[in-house]
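So the structure is just underneath, and the comments pick up after that.
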Amino acid sequence: MYKVFFNERIIRIMPNNRLEGKTADLQLVGTGRENELTRLVNHFLKSEQKELNLAAENPQKIWEKFKKKFKLIKAAGGIVQQNGQYLFIFRRGKWDLPKGKIDKSETKRQAAIREVEEECGIKGLEIKRKLQNTWHIYQSGYADTKGEWVLKKTSWFEMKYRGNMQPIPQLEEDITEARWLASNEIGIVMGNTYPNLKELIYNFIGSSFV
């Protein structure tokens with residue numbers, strides 16, 4: 001299954017046989033029906049529809065066609081652990097995880113470490129393993145791409161920090177707080193963060209904070 005978030009809303013692309021029980025909003029899409037895919041996606045983006053469930057015999061082909069309808073941006077970030085605590089940032093009114101765009105000269109891992117270091121003001125991170133990717137859509141507000149629809153892929157990594165530097169928020173990136181939280185404190189994050197991050201955090205840390 002492919003999942004893409006748009007604010008509090010979601011698009012799913014999956015095999016025909018995976019949507020039993022969701023027939024009320026099920027949309028069947030064939031690999032050759034380019035115009036139908038475009039119509040469904042455009043309607044979703046402009047409407048207040050909560051979910052768009054696209055079923056196909058070949059979901060991967062639909063996914064490839066779907067991605068071509070957006071400007072693709074790749075980013076990387078991390079869930080950082082230290083002594084049973086996790087590093088979060090507070091940006092533009094919501095709790096978030098440190099992440100940022102991958103530069104052309106970087107690997108995903110290099111970008112993830114650099115972005116966490118820049119946004120949280122710490123050095124000496126170690127990547128332990130790759131986590132799931134997240135995808136979300138937004139409309140660009142930057143001058144050179146203003147109004148353009150963007151599909152952002154973020155590659156996430158589990159990281160360890162064994163240093164003793166206190167996190168410092170990167171204010172120029174609108175980050176007003178960088179804080180270590182224990183697993184039993186993460187409820188405050190889950191109550192005010194993005195849906196794609198809720199899923200990532202839940203899958204990684206588990207249900208101890210619910």
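Ligands are numbered from 1 in the order shown, residues from 1 within each chain, and chains are lettered A, B, ... in the order they appear in the structure tokens.
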
Set the distance at 12 Å and use only C-alpha atoms: which residues neighbour A:Gly77 once local chain neighbours fewer than 2 positions away are removed? I'd like the list as a ChimeraX atom specification. /A:74-75,79-80,87-89,96-102,107-120,125,127,130-134,153-159,197,200

For N, CA and C atoms, I'd like the residues from the last selection saved as a compact mmCIF listing (two decimals), in the first residue's frame.
```txt
# COMPACT_ATOMS: atom_id res chain seq x y z
N LYS A 74 12.93 15.51 -2.02
CA LYS A 74 13.40 14.46 -1.12
C LYS A 74 14.05 15.08 0.12
N ALA A 75 13.68 14.53 1.26
CA ALA A 75 14.20 15.03 2.54
C ALA A 75 14.62 13.84 3.39
N ILE A 79 14.71 10.05 14.17
CA ILE A 79 14.22 9.92 15.55
C ILE A 79 15.46 9.62 16.38
N VAL A 80 15.83 10.56 17.23
CA VAL A 80 17.07 10.48 17.99
C VAL A 80 16.78 10.03 19.41
N LEU A 87 14.24 13.02 20.87
CA LEU A 87 14.44 14.44 20.57
C LEU A 87 13.35 14.94 19.62
N PHE A 88 12.62 15.96 20.06
CA PHE A 88 11.57 16.59 19.26
C PHE A 88 11.81 18.08 19.14
N ILE A 89 11.24 18.66 18.08
CA ILE A 89 11.30 20.11 17.92
C ILE A 89 9.87 20.66 17.86
N ASP A 96 7.30 18.40 15.97
CA ASP A 96 7.83 17.85 14.73
C ASP A 96 9.09 17.07 15.05
N LEU A 97 9.61 16.37 14.05
CA LEU A 97 10.91 15.71 14.13
C LEU A 97 11.89 16.45 13.22
N PRO A 98 13.16 16.54 13.61
CA PRO A 98 14.12 17.26 12.77
C PRO A 98 14.34 16.56 11.43
N LYS A 99 14.29 17.38 10.38
CA LYS A 99 14.43 16.84 9.02
C LYS A 99 14.70 18.01 8.07
N GLY A 100 15.08 17.70 6.83
CA GLY A 100 15.27 18.75 5.84
C GLY A 100 15.62 18.17 4.49
N LYS A 101 15.70 19.03 3.50
CA LYS A 101 15.96 18.61 2.12
C LYS A 101 17.35 18.00 1.98
N ILE A 102 17.41 17.02 1.09
CA ILE A 102 18.69 16.37 0.76
C ILE A 102 19.38 17.19 -0.32
N THR A 107 24.15 11.87 0.50
CA THR A 107 23.34 10.67 0.61
C THR A 107 22.21 10.96 1.59
N LYS A 108 21.23 10.07 1.65
CA LYS A 108 20.13 10.23 2.60
C LYS A 108 20.66 10.27 4.03
N ARG A 109 21.60 9.40 4.34
CA ARG A 109 22.14 9.33 5.70
C ARG A 109 22.89 10.61 6.07
N GLN A 110 23.69 11.10 5.14
CA GLN A 110 24.42 12.34 5.41
C GLN A 110 23.47 13.50 5.64
N ALA A 111 22.44 13.59 4.82
CA ALA A 111 21.47 14.67 4.96
C ALA A 111 20.72 14.58 6.28
N ALA A 112 20.35 13.36 6.67
CA ALA A 112 19.61 13.18 7.93
C ALA A 112 20.43 13.67 9.12
N ILE A 113 21.70 13.28 9.16
CA ILE A 113 22.56 13.72 10.27
C ILE A 113 22.76 15.23 10.24
N ARG A 114 23.05 15.78 9.05
CA ARG A 114 23.27 17.23 8.96
C ARG A 114 22.05 18.01 9.42
N GLU A 115 20.86 17.59 8.97
CA GLU A 115 19.65 18.33 9.32
C GLU A 115 19.36 18.27 10.82
N VAL A 116 19.54 17.11 11.43
CA VAL A 116 19.32 17.02 12.88
C VAL A 116 20.33 17.90 13.62
N GLU A 117 21.59 17.86 13.19
CA GLU A 117 22.61 18.70 13.82
C GLU A 117 22.27 20.18 13.69
N GLU A 118 21.85 20.61 12.50
CA GLU A 118 21.55 22.02 12.27
C GLU A 118 20.31 22.47 13.04
N GLU A 119 19.27 21.66 13.01
CA GLU A 119 18.00 22.08 13.61
C GLU A 119 18.00 21.98 15.13
N CYS A 120 18.87 21.13 15.67
CA CYS A 120 18.87 20.91 17.12
C CYS A 120 20.18 21.33 17.80
N LEU A 125 26.10 12.34 16.17
CA LEU A 125 24.99 11.41 16.01
C LEU A 125 25.44 10.14 15.30
N ILE A 127 23.78 6.80 13.21
CA ILE A 127 22.60 6.14 12.64
C ILE A 127 22.62 4.66 12.97
N LYS A 130 17.58 2.18 9.21
CA LYS A 130 16.60 2.90 8.39
C LYS A 130 15.20 2.62 8.92
N LEU A 131 14.38 3.66 8.97
CA LEU A 131 12.97 3.52 9.33
C LEU A 131 12.12 3.70 8.07
N GLN A 132 10.82 3.73 8.24
CA GLN A 132 9.92 3.87 7.10
C GLN A 132 10.03 5.26 6.48
N ASN A 133 9.65 5.36 5.22
CA ASN A 133 9.54 6.66 4.56
C ASN A 133 8.15 7.23 4.81
N THR A 134 8.04 8.55 4.77
CA THR A 134 6.72 9.19 4.79
C THR A 134 6.60 10.07 3.56
N LYS A 153 9.01 13.34 -0.14
CA LYS A 153 9.38 12.05 0.43
C LYS A 153 10.43 12.29 1.51
N THR A 154 10.16 11.82 2.71
CA THR A 154 11.13 11.95 3.80
C THR A 154 11.62 10.57 4.21
N SER A 155 12.92 10.38 4.14
CA SER A 155 13.56 9.14 4.59
C SER A 155 13.95 9.31 6.05
N TRP A 156 13.50 8.40 6.90
CA TRP A 156 13.73 8.52 8.34
C TRP A 156 14.72 7.47 8.82
N PHE A 157 15.50 7.85 9.84
CA PHE A 157 16.50 6.97 10.41
C PHE A 157 16.42 7.00 11.94
N GLU A 158 16.64 5.84 12.53
CA GLU A 158 16.84 5.78 13.98
C GLU A 158 18.27 6.21 14.28
N MET A 159 18.43 7.13 15.24
CA MET A 159 19.75 7.65 15.59
C MET A 159 19.99 7.54 17.09
N LEU A 197 3.54 11.81 10.89
CA LEU A 197 4.49 11.62 11.99
C LEU A 197 3.87 10.80 13.11
N LEU A 200 4.51 7.27 12.15
CA LEU A 200 5.93 6.95 12.29
C LEU A 200 6.32 6.78 13.75
```

**Item:** DSSP-assigned helix (DSSP H, G or I) among stretch 2-210 of chain A, expressed as a PyMOL selection string
**Value:** chain A and resi 16-18+23-25+34-46+59-67+108-120+143-145+171-173+183-185+187-190+195-205

Run DSSP on the backbone and give me the residues of stretch 101-151 of chain A it puts in strand (DSSP E), as a list of chain:residue names.
A:Lys101, A:Leu125, A:Glu126, A:Ile127, A:Lys128, A:Arg129, A:Lys130, A:Leu131, A:Gln132, A:Asn133, A:Thr134, A:Trp135, A:His136, A:Ile137, A:Tyr138, A:Gln139, A:Trp149, A:Val150, A:Leu151

Restricting to only C-alpha atoms, whichever of A:Pro169, A:Gly163, A:Gly187, A:Pro195 is closest to A:Phe90 is A:Pro169

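The closest residue to A:Thr145, picked from A:Lys3, A:Arg91, A:Lys46, A:Lys71 and counting only C-alpha atoms, is A:Lys71.
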
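Note that the spacing between atom CA of A:Ile122 and atom CA of A:Trp135 amounts to 26.5 Å.
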
Handout entry: Gap from atom CA of A:Met1 to atom CA of A:Ile13 - Å, one decimal
Key =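 According to the coordinates, atom CA of A:Met1 and atom CA of A:Ile13 are separated by 5.8 Å.
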
Check: Quick one: of A:Asn35, A:Gln82, A:Ser105, A:Asn184, who's nearest to A:Lys160, counting only C-alpha atoms?
Finding: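 The answer is A:Gln82, which sits nearest to A:Lys160.
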
| Leaving out stretch 40-42 of chain A and any residue of its chain fewer than 5 positions from it, which residues lie within 10 Å of it when counting only C-alpha atoms, given as number ranges by chain? | A: 11, 27, 29, 35, 47, 52-54, 66, 69

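Distance check against A:Leu181 using only C-alpha atoms: of A:Gln49, A:Asn7, A:Gln60, A:Gln85, the minimum falls on A:Gln85.
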
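Our summary of the geometry notes that atom CA of A:Arg39 is positioned 20.8 Å from atom CA of A:Ser140.
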
Report task. Excluding stretch 92-95 of chain A and any residue of its chain fewer than 4 positions from it, enumerate the residues within 8 Å of it, using only C-alpha atoms, and give them as an MDAnalysis selection string. Result -> chainID A and resid 88 174:175 189 192:194

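The closest residue to A:Tyr138, picked from A:Lys152, A:Lys123, A:Arg162, A:Arg12 and counting only C-alpha atoms, is A:Lys152.
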